[in-house]
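Peer 1: For reference, this is entry.cif, and it has mmCIF, C-alpha atoms.
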```cif
data_structure
#
loop_
_atom_site.label_atom_id
_atom_site.label_comp_id
_atom_site.auth_asym_id
_atom_site.auth_seq_id
_atom_site.Cartn_x
_atom_site.Cartn_y
_atom_site.Cartn_z
CA MET A 30 -32.23 -105.86 106.50
CA ASP A 31 -29.94 -108.90 106.61
CA PRO A 32 -28.18 -109.55 103.32
CA LEU A 33 -29.40 -112.55 101.35
CA GLY A 34 -26.66 -114.64 99.81
CA GLY A 35 -24.21 -111.78 100.22
CA LEU A 36 -26.51 -109.22 98.58
CA HIS A 37 -29.05 -106.83 99.99
CA TRP A 38 -32.63 -107.17 98.80
CA TRP A 39 -32.26 -104.27 96.36
CA GLY A 40 -29.30 -106.02 94.74
CA TRP A 41 -31.47 -109.05 93.98
CA VAL A 42 -34.19 -106.76 92.60
CA MET A 43 -31.67 -105.22 90.19
CA ILE A 44 -30.47 -108.67 89.08
CA VAL A 45 -34.06 -109.79 88.38
CA ILE A 46 -34.80 -106.58 86.44
CA GLY A 47 -31.61 -107.00 84.42
CA PHE A 48 -32.45 -110.63 83.65
CA LEU A 49 -35.98 -109.74 82.50
CA ALA A 50 -34.60 -106.91 80.34
CA LEU A 51 -32.14 -109.32 78.69
CA VAL A 52 -34.93 -111.82 77.99
CA MET A 53 -37.10 -109.11 76.44
CA VAL A 54 -34.27 -107.83 74.22
CA ILE A 55 -33.44 -111.34 73.00
CA SER A 56 -37.09 -112.17 72.35
CA SER A 57 -37.71 -108.91 70.46
CA LEU A 58 -34.63 -109.35 68.27
CA PHE A 59 -34.56 -113.07 67.58
CA LEU A 60 -38.05 -114.51 68.11
CA PRO A 61 -41.15 -114.07 65.91
CA ASP A 62 -43.40 -111.14 66.78
CA PHE A 63 -46.64 -113.07 66.39
CA HIS A 64 -48.10 -116.50 67.02
CA LYS A 65 -48.26 -118.65 63.90
CA PRO A 66 -51.50 -120.57 63.45
CA ARG A 67 -51.84 -122.69 60.34
CA PHE A 68 -53.66 -120.99 57.49
CA SER A 69 -56.85 -122.51 56.12
CA CYS A 70 -59.49 -121.29 53.68
CA ASP A 71 -62.76 -122.81 52.49
CA ASP A 72 -62.44 -121.33 49.01
CA ASP A 73 -59.71 -122.51 46.63
CA PRO A 74 -60.17 -120.73 43.27
CA PRO A 75 -57.55 -121.05 40.53
CA ALA A 76 -55.22 -118.21 39.61
CA GLY A 77 -56.65 -115.90 36.99
CA SER A 78 -60.28 -116.37 37.99
CA ASP A 79 -62.50 -113.55 39.23
CA GLU A 80 -63.06 -115.64 42.34
CA PHE A 81 -59.32 -115.59 43.12
CA THR A 82 -59.22 -111.81 42.85
CA GLU A 83 -62.28 -111.55 45.10
CA LEU A 84 -60.63 -113.87 47.60
CA LEU A 85 -57.56 -111.63 47.76
CA VAL A 86 -59.72 -108.55 48.17
CA GLY A 87 -61.59 -110.09 51.08
CA ALA A 88 -58.53 -111.58 52.79
CA LEU A 89 -56.37 -108.47 52.44
CA SER A 90 -59.04 -105.75 52.80
CA SER A 91 -57.67 -104.12 49.66
CA PRO A 92 -59.75 -102.88 46.70
CA VAL A 93 -59.52 -104.20 43.17
CA LEU A 94 -57.42 -102.02 40.86
CA ASN A 95 -59.28 -102.33 37.56
CA GLY A 96 -57.48 -101.25 34.43
CA GLY A 97 -53.97 -100.36 33.43
CA THR A 98 -50.91 -101.91 31.88
CA ALA A 99 -47.93 -103.74 33.35
CA ARG A 100 -44.57 -104.75 31.93
CA ILE A 101 -41.45 -106.26 33.46
CA LEU A 102 -38.14 -104.44 33.01
CA GLN A 103 -35.14 -106.72 33.31
CA ASN A 104 -31.89 -105.35 34.79
CA GLY A 105 -30.64 -101.86 35.40
CA ASP A 106 -30.18 -100.55 31.87
CA ALA A 107 -33.85 -101.26 31.18
CA PHE A 108 -35.53 -100.16 34.38
CA PHE A 109 -33.39 -97.15 35.23
CA GLY A 110 -33.55 -96.04 31.61
CA ALA A 111 -37.36 -96.05 31.92
CA ILE A 112 -37.38 -94.45 35.39
CA LEU A 113 -35.07 -91.60 34.38
CA GLU A 114 -37.05 -91.03 31.19
CA ALA A 115 -40.27 -90.85 33.19
CA ILE A 116 -38.76 -88.33 35.61
CA ASP A 117 -37.53 -86.23 32.68
CA ASN A 118 -41.07 -86.24 31.26
CA ALA A 119 -42.73 -85.38 34.60
CA THR A 120 -44.99 -82.34 34.58
CA ASP A 121 -46.46 -82.32 38.09
CA THR A 122 -45.11 -84.72 40.73
CA VAL A 123 -42.31 -87.22 41.31
CA ASN A 124 -42.49 -89.49 44.37
CA PHE A 125 -39.40 -91.69 44.74
CA GLN A 126 -38.98 -94.23 47.53
CA CYS A 127 -36.42 -97.01 47.87
CA TYR A 128 -34.56 -98.83 50.63
CA ILE A 129 -30.89 -98.37 49.63
CA TRP A 130 -29.33 -95.17 48.33
CA GLU A 131 -25.56 -95.10 47.82
CA SER A 132 -23.64 -92.19 46.32
CA GLY A 133 -22.08 -92.98 42.96
CA VAL A 134 -22.69 -92.80 39.22
CA LEU A 135 -26.32 -93.95 39.37
CA SER A 136 -27.06 -91.69 42.32
CA ASP A 137 -25.74 -88.72 40.35
CA ARG A 138 -28.01 -89.55 37.43
CA VAL A 139 -31.09 -89.82 39.62
CA ILE A 140 -30.24 -86.63 41.51
CA ASP A 141 -29.68 -84.74 38.25
CA ALA A 142 -33.02 -85.94 36.86
CA CYS A 143 -34.87 -84.97 40.05
CA VAL A 144 -33.23 -81.53 40.16
CA ARG A 145 -34.10 -80.94 36.50
CA ALA A 146 -37.71 -81.86 37.25
CA ALA A 147 -37.83 -79.54 40.26
CA GLY A 148 -36.42 -76.77 38.08
CA ARG A 149 -39.43 -77.18 35.77
CA GLY A 150 -41.78 -76.67 38.72
CA VAL A 151 -42.41 -80.36 39.42
CA GLU A 152 -42.90 -81.31 43.08
CA VAL A 153 -40.20 -83.89 43.82
CA ARG A 154 -40.25 -86.00 46.97
CA VAL A 155 -37.44 -88.46 47.74
CA LEU A 156 -37.71 -90.99 50.58
CA PRO A 157 -34.91 -93.51 51.21
CA ASP A 158 -34.67 -95.58 54.37
CA ALA A 159 -32.25 -94.01 56.86
CA PHE A 160 -30.35 -97.27 57.43
CA GLY A 161 -30.26 -98.13 53.72
CA ALA A 162 -28.97 -94.63 52.94
CA MET A 163 -25.94 -94.72 55.22
CA LYS A 164 -23.68 -94.51 52.11
CA PHE A 165 -25.64 -91.56 50.70
CA ASN A 166 -23.19 -88.76 51.42
CA GLY A 167 -24.06 -85.34 52.78
CA GLU A 168 -22.97 -83.45 49.68
CA ASP A 169 -25.37 -85.42 47.49
CA ARG A 170 -28.20 -84.96 49.98
CA GLN A 171 -27.63 -81.22 49.91
CA ARG A 172 -27.64 -81.18 46.10
CA LEU A 173 -31.14 -82.59 46.13
CA ARG A 174 -32.36 -80.07 48.69
CA ASP A 175 -30.64 -77.12 47.04
CA GLY A 176 -32.19 -78.22 43.75
CA GLY A 177 -35.70 -77.80 45.15
CA CYS A 178 -36.43 -81.46 46.03
CA GLN A 179 -38.01 -82.54 49.31
CA LEU A 180 -35.77 -85.16 50.95
CA GLU A 181 -36.86 -87.19 53.96
CA PHE A 182 -35.48 -90.35 55.54
CA PHE A 183 -37.57 -93.16 56.96
CA ARG A 184 -36.92 -93.57 60.68
CA PRO A 185 -33.58 -91.79 61.22
CA ILE A 186 -31.36 -93.64 63.65
CA GLN A 187 -31.39 -91.78 67.00
CA TRP A 188 -30.44 -92.87 70.50
CA TYR A 189 -34.03 -92.51 71.72
CA SER A 190 -35.42 -94.73 68.93
CA LEU A 191 -33.03 -97.66 69.20
CA VAL A 192 -35.90 -99.92 70.26
CA ARG A 193 -37.32 -99.50 66.72
CA VAL A 194 -34.04 -99.33 64.82
CA PHE A 195 -34.45 -102.80 63.29
CA LYS A 196 -37.87 -101.94 61.80
CA ARG A 197 -37.08 -100.48 58.39
CA SER A 198 -38.89 -99.44 55.21
CA HIS A 199 -37.93 -101.81 52.42
CA GLN A 200 -40.52 -100.45 49.99
CA ARG A 201 -39.86 -99.63 46.34
CA ALA A 202 -42.48 -97.11 45.27
CA ILE A 203 -41.69 -94.70 42.42
CA VAL A 204 -44.58 -92.74 40.89
CA ILE A 205 -44.52 -89.97 38.30
CA ASP A 206 -47.52 -87.65 37.81
CA GLY A 207 -49.77 -90.28 39.40
CA THR A 208 -49.87 -92.07 36.05
CA VAL A 209 -46.70 -94.18 35.84
CA GLY A 210 -45.39 -96.35 38.68
CA PHE A 211 -42.43 -98.64 39.29
CA THR A 212 -41.93 -101.32 41.94
CA GLY A 213 -39.65 -104.31 42.36
CA GLY A 214 -36.27 -105.10 43.81
CA ALA A 215 -34.02 -102.25 42.69
CA ALA A 216 -32.67 -99.26 44.60
CA VAL A 217 -30.13 -96.50 43.95
CA ALA A 218 -26.59 -97.90 43.90
CA ASP A 219 -24.13 -98.64 41.12
CA LYS A 220 -24.64 -102.41 41.46
CA TRP A 221 -28.07 -101.91 39.89
CA MET A 222 -26.55 -100.54 36.69
CA GLY A 223 -25.92 -102.59 33.58
CA GLN A 224 -27.31 -105.90 32.32
CA ALA A 225 -26.02 -108.44 34.85
CA ARG A 226 -23.01 -109.06 32.58
CA THR A 227 -20.44 -109.18 35.38
CA ARG A 228 -20.45 -109.87 39.11
CA ALA A 229 -20.48 -106.11 39.70
CA GLU A 230 -23.90 -105.85 37.96
CA TRP A 231 -26.78 -107.40 39.88
CA ARG A 232 -29.57 -109.39 38.26
CA ASP A 233 -32.85 -107.67 39.15
CA SER A 234 -36.18 -106.51 37.78
CA MET A 235 -38.74 -103.74 38.19
CA THR A 236 -42.34 -103.67 37.01
CA MET A 237 -43.70 -100.55 35.32
CA VAL A 238 -47.45 -100.01 35.67
CA THR A 239 -49.99 -97.50 34.41
CA GLY A 240 -53.68 -96.85 35.06
CA GLN A 241 -55.31 -97.85 38.31
CA LEU A 242 -52.42 -100.17 39.17
CA VAL A 243 -50.34 -97.05 39.87
CA GLY A 244 -52.59 -96.24 42.82
CA GLY A 245 -51.33 -99.33 44.62
CA VAL A 246 -47.73 -98.09 44.33
CA GLN A 247 -48.64 -94.51 45.19
CA ALA A 248 -50.48 -95.58 48.33
CA ALA A 249 -47.35 -97.31 49.62
CA PHE A 250 -45.32 -94.12 49.16
CA CYS A 251 -48.01 -91.94 50.71
CA ASN A 252 -48.21 -94.06 53.88
CA ASP A 253 -44.50 -93.76 54.63
CA TRP A 254 -44.30 -90.11 53.58
CA MET A 255 -47.06 -89.18 56.01
CA TYR A 256 -45.31 -91.18 58.75
CA CYS A 257 -42.05 -89.32 58.13
CA CYS A 258 -43.19 -85.71 57.79
CA GLY A 259 -46.93 -85.56 58.44
CA GLN A 260 -47.90 -84.45 54.92
CA ILE A 261 -51.02 -86.19 53.67
CA ILE A 262 -50.94 -86.92 49.94
CA ALA A 263 -54.34 -87.65 48.43
CA GLY A 264 -56.82 -86.59 45.77
CA PRO A 265 -57.04 -86.89 41.97
CA ARG A 266 -53.69 -85.18 41.48
CA TYR A 267 -52.00 -88.27 42.92
CA PHE A 268 -54.75 -90.85 42.30
CA PRO A 269 -56.29 -89.97 38.90
CA GLN A 270 -59.71 -91.37 38.11
CA PRO A 271 -60.09 -93.86 35.24
CA PRO A 272 -61.49 -92.64 31.91
CA THR A 273 -65.28 -92.48 31.73
CA GLU A 274 -65.31 -93.55 28.09
CA PRO A 275 -63.80 -96.79 26.73
CA ASP A 276 -60.11 -96.35 26.00
CA SER A 277 -58.19 -99.23 24.42
CA SER A 278 -54.85 -97.69 25.47
CA TYR A 279 -55.84 -97.78 29.13
CA GLY A 280 -55.21 -101.52 29.48
CA ASP A 281 -57.20 -104.30 31.09
CA ALA A 282 -54.81 -105.60 33.75
CA VAL A 283 -56.43 -106.24 37.14
CA GLY A 284 -54.52 -105.96 40.39
CA VAL A 285 -54.59 -105.94 44.16
CA ALA A 286 -52.07 -103.89 46.17
CA VAL A 287 -50.56 -105.19 49.40
CA ILE A 288 -48.95 -102.71 51.78
CA SER A 289 -47.48 -104.20 54.93
CA SER A 290 -46.14 -102.70 58.14
CA PRO A 291 -44.69 -104.18 61.35
CA SER A 292 -47.88 -103.05 63.05
CA ASP A 293 -49.95 -105.40 60.88
CA SER A 294 -50.61 -108.41 63.07
CA ASP A 295 -52.51 -110.04 60.18
CA GLN A 296 -49.26 -110.21 58.16
CA PRO A 297 -50.77 -109.37 54.74
CA ILE A 298 -47.58 -110.20 52.79
CA ARG A 299 -47.59 -113.74 54.15
CA VAL A 300 -51.32 -114.18 53.50
CA CYS A 301 -50.96 -112.84 49.97
CA GLN A 302 -48.10 -115.20 49.11
CA TRP A 303 -49.85 -118.21 50.68
CA LEU A 304 -53.08 -117.65 48.75
CA THR A 305 -51.20 -117.01 45.50
CA PHE A 306 -49.04 -120.15 45.83
CA ARG A 307 -52.18 -122.13 46.66
CA SER A 308 -53.93 -120.96 43.48
CA ALA A 309 -51.39 -122.70 41.18
CA ARG A 310 -52.75 -125.57 39.10
CA GLU A 311 -50.04 -126.02 36.45
CA ARG A 312 -46.92 -123.91 37.15
CA LEU A 313 -45.56 -121.96 40.09
CA TYR A 314 -42.27 -120.20 39.39
CA LEU A 315 -40.71 -117.84 41.90
CA SER A 316 -37.50 -115.90 42.25
CA ASN A 317 -36.34 -114.38 45.52
CA SER A 318 -33.02 -113.11 46.76
CA TYR A 319 -33.52 -113.87 50.46
CA PHE A 320 -35.37 -117.16 50.66
CA ILE A 321 -36.19 -118.34 54.18
CA PRO A 322 -39.92 -119.17 54.00
CA ASP A 323 -41.76 -120.09 57.18
CA GLU A 324 -43.50 -123.43 57.73
CA ARG A 325 -46.80 -122.25 56.23
CA LEU A 326 -45.28 -121.03 52.97
CA ARG A 327 -43.01 -124.07 52.68
CA GLY A 328 -46.00 -126.30 53.32
CA ILE A 329 -48.17 -124.84 50.58
CA VAL A 330 -45.29 -124.87 48.06
CA ALA A 331 -44.62 -128.53 48.89
CA ASP A 332 -48.34 -129.36 48.62
CA ARG A 333 -48.51 -127.82 45.15
CA ALA A 334 -45.51 -129.86 44.01
CA LYS A 335 -47.02 -133.06 45.42
CA ALA A 336 -50.23 -132.26 43.53
CA GLY A 337 -48.32 -132.29 40.25
CA VAL A 338 -47.72 -128.56 39.83
CA ASP A 339 -44.39 -127.65 38.20
CA VAL A 340 -42.83 -125.71 41.09
CA ARG A 341 -39.46 -124.03 40.52
CA ILE A 342 -37.58 -121.68 42.83
CA LEU A 343 -34.69 -119.43 41.81
CA VAL A 344 -32.33 -118.16 44.52
CA PRO A 345 -28.81 -116.67 44.59
CA GLY A 346 -25.83 -118.93 44.15
CA GLY A 347 -22.34 -118.39 45.52
CA THR A 348 -22.40 -114.71 44.62
CA THR A 349 -24.50 -113.10 47.32
CA ASP A 350 -24.41 -110.04 49.55
CA ALA A 351 -25.86 -112.02 52.46
CA ARG A 352 -24.13 -115.36 52.93
CA PRO A 353 -25.85 -116.13 56.28
CA VAL A 354 -29.25 -115.72 54.60
CA ARG A 355 -28.27 -118.16 51.86
CA LEU A 356 -27.06 -120.66 54.46
CA ALA A 357 -30.27 -120.29 56.48
CA GLY A 358 -32.32 -120.96 53.35
CA HIS A 359 -30.36 -124.16 52.77
CA THR A 360 -31.98 -125.70 55.85
CA HIS A 361 -35.23 -126.02 53.87
CA TYR A 362 -33.84 -127.56 50.68
CA ASP A 363 -34.25 -131.18 51.75
CA GLU A 364 -37.91 -130.68 52.69
CA LEU A 365 -38.75 -128.92 49.42
CA LEU A 366 -36.71 -131.16 47.13
CA SER A 367 -38.28 -134.25 48.72
CA ALA A 368 -41.71 -132.87 47.83
CA GLY A 369 -40.74 -132.48 44.18
CA VAL A 370 -39.87 -128.78 44.16
CA ARG A 371 -37.04 -127.85 41.78
CA ILE A 372 -34.48 -125.40 43.21
CA TYR A 373 -32.03 -123.41 41.10
CA GLU A 374 -29.08 -121.31 42.30
CA TYR A 375 -28.21 -118.47 39.93
CA GLN A 376 -24.53 -118.51 38.90
CA PRO A 377 -23.44 -115.41 36.89
CA THR A 378 -23.88 -112.72 39.57
CA MET A 379 -25.99 -111.69 42.56
CA MET A 380 -29.65 -112.48 41.83
CA HIS A 381 -31.89 -109.92 43.56
CA ALA A 382 -35.22 -110.23 41.71
CA LYS A 383 -38.44 -110.79 43.67
CA VAL A 384 -41.18 -112.15 41.41
CA VAL A 385 -43.79 -114.89 41.42
CA VAL A 386 -45.73 -116.12 38.39
CA VAL A 387 -48.61 -118.60 38.52
CA ASP A 388 -50.05 -120.55 35.59
CA GLY A 389 -48.94 -117.92 33.09
CA ILE A 390 -51.65 -115.49 34.22
CA VAL A 391 -51.05 -114.07 37.75
CA SER A 392 -47.85 -112.34 38.88
CA VAL A 393 -46.67 -111.01 42.23
CA VAL A 394 -44.14 -108.17 42.04
CA GLY A 395 -42.76 -105.71 44.55
CA SER A 396 -40.26 -105.29 47.35
CA ALA A 397 -40.87 -108.21 49.70
CA ASN A 398 -38.47 -111.07 50.28
CA LEU A 399 -39.54 -114.53 51.41
CA ASP A 400 -38.12 -114.19 54.91
CA GLU A 401 -39.26 -113.25 58.40
CA ARG A 402 -37.95 -109.70 58.12
CA SER A 403 -40.20 -108.88 55.17
CA MET A 404 -43.19 -110.61 56.76
CA GLU A 405 -42.89 -109.13 60.25
CA LEU A 406 -40.39 -106.27 60.53
CA ASN A 407 -40.25 -104.24 57.32
CA GLU A 408 -42.54 -101.84 55.51
CA GLU A 409 -43.14 -103.66 52.21
CA ASN A 410 -45.31 -103.30 49.11
CA LEU A 411 -46.53 -105.80 46.53
CA LEU A 412 -48.82 -105.87 43.53
CA VAL A 413 -50.72 -109.01 42.55
CA ILE A 414 -51.50 -108.54 38.86
CA ARG A 415 -53.71 -110.60 36.57
CA ASP A 416 -52.31 -110.02 33.10
CA ALA A 417 -51.19 -112.75 30.73
CA GLY A 418 -48.75 -110.48 28.92
CA LEU A 419 -46.88 -109.56 32.09
CA ALA A 420 -46.94 -113.15 33.36
CA GLY A 421 -45.57 -114.41 30.06
CA GLU A 422 -42.70 -111.92 30.16
CA ILE A 423 -41.81 -112.85 33.73
CA GLU A 424 -42.02 -116.57 33.04
CA ALA A 425 -39.81 -116.27 29.97
CA GLY A 426 -37.23 -114.34 32.00
CA LEU A 427 -37.25 -116.98 34.73
CA VAL A 428 -36.85 -119.83 32.25
CA GLU A 429 -33.83 -118.02 30.84
CA ASP A 430 -32.45 -117.59 34.37
CA PHE A 431 -32.97 -121.29 35.14
CA GLY A 432 -30.68 -122.00 32.19
CA LYS A 433 -27.96 -119.90 33.84
CA SER A 434 -28.35 -121.66 37.18
CA LYS A 435 -27.26 -124.81 38.95
CA GLU A 436 -30.17 -127.12 39.75
CA ILE A 437 -29.86 -128.74 43.17
CA ASN A 438 -29.92 -132.55 43.17
CA LEU A 439 -31.44 -134.13 46.30
CA LYS A 440 -29.03 -137.08 46.50
CA GLN A 441 -25.99 -134.82 46.12
CA TRP A 442 -27.47 -132.31 48.55
CA ARG A 443 -27.81 -134.92 51.26
CA ALA A 444 -24.14 -135.82 50.78
CA ARG A 445 -22.89 -132.33 51.65
CA PRO A 446 -20.38 -132.07 54.54
CA PHE A 447 -21.48 -132.06 58.18
CA SER A 448 -19.71 -128.73 58.66
CA ALA A 449 -22.01 -127.15 56.08
CA ARG A 450 -25.06 -128.38 58.02
CA VAL A 451 -23.72 -126.82 61.22
CA LYS A 452 -23.20 -123.44 59.53
CA GLU A 453 -26.71 -123.61 58.09
CA ARG A 454 -28.30 -124.29 61.48
CA LEU A 455 -26.35 -121.52 63.16
CA SER A 456 -27.41 -119.09 60.44
CA ARG A 457 -31.03 -120.22 60.77
CA ALA A 458 -31.12 -119.12 64.41
CA LEU A 459 -30.74 -115.47 63.39
CA ILE A 460 -33.45 -115.24 60.70
CA GLU A 461 -35.35 -112.47 62.49
CA GLN A 462 -32.44 -110.09 61.89
CA TYR A 463 -31.60 -110.73 58.22
#
```
Starting from the file, lay out its structure as structure tokens.
Peer 2:
Amino acid sequence: MDPLGGLHWWGWVMIVIGFLALVMVISSLFLPDFHKPRFSCDDDPPAGSDEFTELLVGALSSPVLNGGTARILQNGDAFFGAILEAIDNATDTVNFQCYIWESGVLSDRVIDACVRAAGRGVEVRVLPDAFGAMKFNGEDRQRLRDGGCQLEFFRPIQWYSLVRVFKRSHQRAIVIDGTVGFTGGAAVADKWMGQARTRAEWRDSMTMVTGQLVGGVQAAFCNDWMYCCGQIIAGPRYFPQPPTEPDSSYGDAVGVAVISSPSDSDQPIRVCQWLTFRSARERLYLSNSYFIPDERLRGIVADRAKAGVDVRILVPGGTTDARPVRLAGHTHYDELLSAGVRIYEYQPTMMHAKVVVVDGIVSVVGSANLDERSMELNEENLLVIRDAGLAGEIEAGLVEDFGKSKEINLKQWRARPFSARVKERLSRALIEQY
């Protein structure tokens, strides 16, 4: 066949195939996975009402978790003290999942506690994300296995799975004996030690739950464990039944668990946050370390502020482990500040907490960030909890953090240099990969 433009027909076929492959790679890495219709809902119950809980249950296809207790643990000394104590008191099972695991002082303490538990006959399962555990050295991994613990990694990085390498498990799901659970922003690395006193100690929080609320954390672990090794974890050993007789120590917190996966086209994390933000009537305070909300979440936050709700957002300041994420989030400041939202940048150290509190009654805690990666690419878990005690603790902690932060002024913000705006826009183009 005569060459066309200097190439044979098969050369042009290869060029077309290569071009299409490039387009598909770029679209899969940098463009949203799903179409984004505007959310709407006929019902608009306030936070704390039974109707709001029922709305979440219907929208998220998740059962109500009736009964239990919940308390916020602020910074590493508090939450890892409680986690290690719970592991040391374990009598049956320890299920421990986090995103990051780095060898160091904290890693040694967790490994030692898990090995001690296994030595008592406790079944110990440990599940870090393979990408997040790249600094978890082989010697420490072997110590866990030699000590009788089961160690698996979520989605190990292999040449044949590169097409899925950017889909990670970001869950925090730690459950002891099916009766005590922990979720929040922390993982196993030395930066989560301490009390956020220096820039080497991150500001973060974990929520400890008991009762039926634990089932929402356990279910998140069980899903990823089954995916990794095929073992199905179920039954009363892992999901104990509530007491049949009234028990004042059992607690009366009510919750709904949200477990999200990249395969979930309904994006339950996004729906959960949108409905929760929308339920605010007086106060909406939120803290998030990677804050790049999409148009729907920004819109409902702005609407609440315009309706007279006291809306405050806490994000990292200059100390951050992800400068491009911070810059990308800056592209939304003008829109939110113009609507009356108050934005605070935390100054003392890296702020990594992920909490929402509404009207002093409803809290959202768990692993998810307010960015596209958490909504569309990661395995994530949240608990929406109706409990005034927990909400009051979280709100008090946030008010204290606001006092350690720089509040952004709209007039001064608009006067920032043009070069800063360029960097922000460039960073915004890569939000799918943060």
Peer 1: Have a look at atom CA of Lys435 of chain A and atom CA of Leu343 of chain A and let me know their distance in Å, one decimal.
Peer 2: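 Pair atom CA of Lys435 of chain A / atom CA of Leu343 of chain A returns 9.6 Å.
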Peer 1: Taking 4 positions as the minimum chain separation for residues in the same chain, which residues sit within 10 Å of Asp72 of chain A when counting all atoms listed in the file? Answer as JSON, numbers by chain.
Peer 2: {"A": [80, 81, 84]}
Peer 1: How many Å separate atom CA of Lys65 of chain A from atom CA of Ser396 of chain A?
Peer 2: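 Between atom CA of Lys65 of chain A and atom CA of Ser396 of chain A the gap is 22.7 Å.
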Peer 1: Mind telling me what the PyMOL selection byres ((chain A and resi 315-317) around 9) catches here, as a PDB file with C-alpha atoms, keeping the file's coordinate frame?
Peer 2:
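Wrote it out as expr_8.pdb, contents follow:
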```pdb
ATOM      1  CA  LEU A 313     -45.560-121.960  40.090  1.00  0.00           C
ATOM      2  CA  TYR A 314     -42.270-120.200  39.390  1.00  0.00           C
ATOM      3  CA  SER A 318     -33.020-113.110  46.760  1.00  0.00           C
ATOM      4  CA  TYR A 319     -33.520-113.870  50.460  1.00  0.00           C
ATOM      5  CA  PHE A 320     -35.370-117.160  50.660  1.00  0.00           C
ATOM      6  CA  VAL A 340     -42.830-125.710  41.090  1.00  0.00           C
ATOM      7  CA  ARG A 341     -39.460-124.030  40.520  1.00  0.00           C
ATOM      8  CA  ILE A 342     -37.580-121.680  42.830  1.00  0.00           C
ATOM      9  CA  LEU A 343     -34.690-119.430  41.810  1.00  0.00           C
ATOM     10  CA  VAL A 344     -32.330-118.160  44.520  1.00  0.00           C
ATOM     11  CA  PRO A 345     -28.810-116.670  44.590  1.00  0.00           C
ATOM     12  CA  MET A 380     -29.650-112.480  41.830  1.00  0.00           C
ATOM     13  CA  HIS A 381     -31.890-109.920  43.560  1.00  0.00           C
ATOM     14  CA  ALA A 382     -35.220-110.230  41.710  1.00  0.00           C
ATOM     15  CA  LYS A 383     -38.440-110.790  43.670  1.00  0.00           C
ATOM     16  CA  VAL A 384     -41.180-112.150  41.410  1.00  0.00           C
ATOM     17  CA  VAL A 385     -43.790-114.890  41.420  1.00  0.00           C
ATOM     18  CA  VAL A 386     -45.730-116.120  38.390  1.00  0.00           C
ATOM     19  CA  VAL A 387     -48.610-118.600  38.520  1.00  0.00           C
ATOM     20  CA  ALA A 397     -40.870-108.210  49.700  1.00  0.00           C
ATOM     21  CA  ASN A 398     -38.470-111.070  50.280  1.00  0.00           C
ATOM     22  CA  LEU A 399     -39.540-114.530  51.410  1.00  0.00           C
ATOM     23  CA  LEU A 427     -37.250-116.980  34.730  1.00  0.00           C
TER      24      LEU A 427
END
```
Peer 1: List the neighbours of Asp158 of chain A out to 6 Å using all atoms listed in the file; skip same-chain residues closer than 6 positions along the sequence, and give me the result as a PyMOL selection string.
Peer 2: chain A and resi 128+182-183+198
Peer 1: List the residues selected by the PyMOL selection byres ((chain A and resi 324) around 12) in the file shown, writing them as a PDB file with C-alpha atoms, in the frame of the given file.
Peer 2:
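File result.pdb, as written:
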```
ATOM      1  CA  LYS A  65     -48.260-118.650  63.900  1.00  0.00           C
ATOM      2  CA  PRO A  66     -51.500-120.570  63.450  1.00  0.00           C
ATOM      3  CA  ARG A  67     -51.840-122.690  60.340  1.00  0.00           C
ATOM      4  CA  PHE A  68     -53.660-120.990  57.490  1.00  0.00           C
ATOM      5  CA  ARG A 299     -47.590-113.740  54.150  1.00  0.00           C
ATOM      6  CA  TRP A 303     -49.850-118.210  50.680  1.00  0.00           C
ATOM      7  CA  ILE A 321     -36.190-118.340  54.180  1.00  0.00           C
ATOM      8  CA  PRO A 322     -39.920-119.170  54.000  1.00  0.00           C
ATOM      9  CA  ASP A 323     -41.760-120.090  57.180  1.00  0.00           C
ATOM     10  CA  ARG A 325     -46.800-122.250  56.230  1.00  0.00           C
ATOM     11  CA  LEU A 326     -45.280-121.030  52.970  1.00  0.00           C
ATOM     12  CA  ARG A 327     -43.010-124.070  52.680  1.00  0.00           C
ATOM     13  CA  GLY A 328     -46.000-126.300  53.320  1.00  0.00           C
ATOM     14  CA  ILE A 329     -48.170-124.840  50.580  1.00  0.00           C
ATOM     15  CA  VAL A 330     -45.290-124.870  48.060  1.00  0.00           C
ATOM     16  CA  ALA A 331     -44.620-128.530  48.890  1.00  0.00           C
ATOM     17  CA  ASP A 332     -48.340-129.360  48.620  1.00  0.00           C
ATOM     18  CA  THR A 360     -31.980-125.700  55.850  1.00  0.00           C
ATOM     19  CA  HIS A 361     -35.230-126.020  53.870  1.00  0.00           C
ATOM     20  CA  GLU A 364     -37.910-130.680  52.690  1.00  0.00           C
ATOM     21  CA  LEU A 365     -38.750-128.920  49.420  1.00  0.00           C
ATOM     22  CA  LEU A 399     -39.540-114.530  51.410  1.00  0.00           C
ATOM     23  CA  ASP A 400     -38.120-114.190  54.910  1.00  0.00           C
ATOM     24  CA  GLU A 401     -39.260-113.250  58.400  1.00  0.00           C
TER      25      GLU A 401
END
```
Peer 1: Show which residues sit within 12 Å of Asn118 of chain A, as a PyMOL selection string. Count all atoms listed in the file, and ignore same-chain residues fewer than 6 positions away.
Peer 2: chain A and resi 111-112+142-143+145-147+149+151+205-206+208-209
Peer 1: With only C-alpha atoms as the basis for distance, which of A:Leu412, A:Met43, A:Ile101, A:Ala76 is at the shortest distance from Gly244 of chain A?
Peer 2: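 So, comparing all the options, the nearest one is A:Leu412.
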Peer 1: Hey, what's within 12 Å of Cys301 of chain A if we count only C-alpha atoms and toss same-chain stuff fewer than 3 positions away? As a VMD selection string, please?
Peer 2: chain A and resid 68 81 to 82 84 to 91 285 to 289 295 to 298 304 to 308 326 385 392 to 394 397 399 404 410 to 414
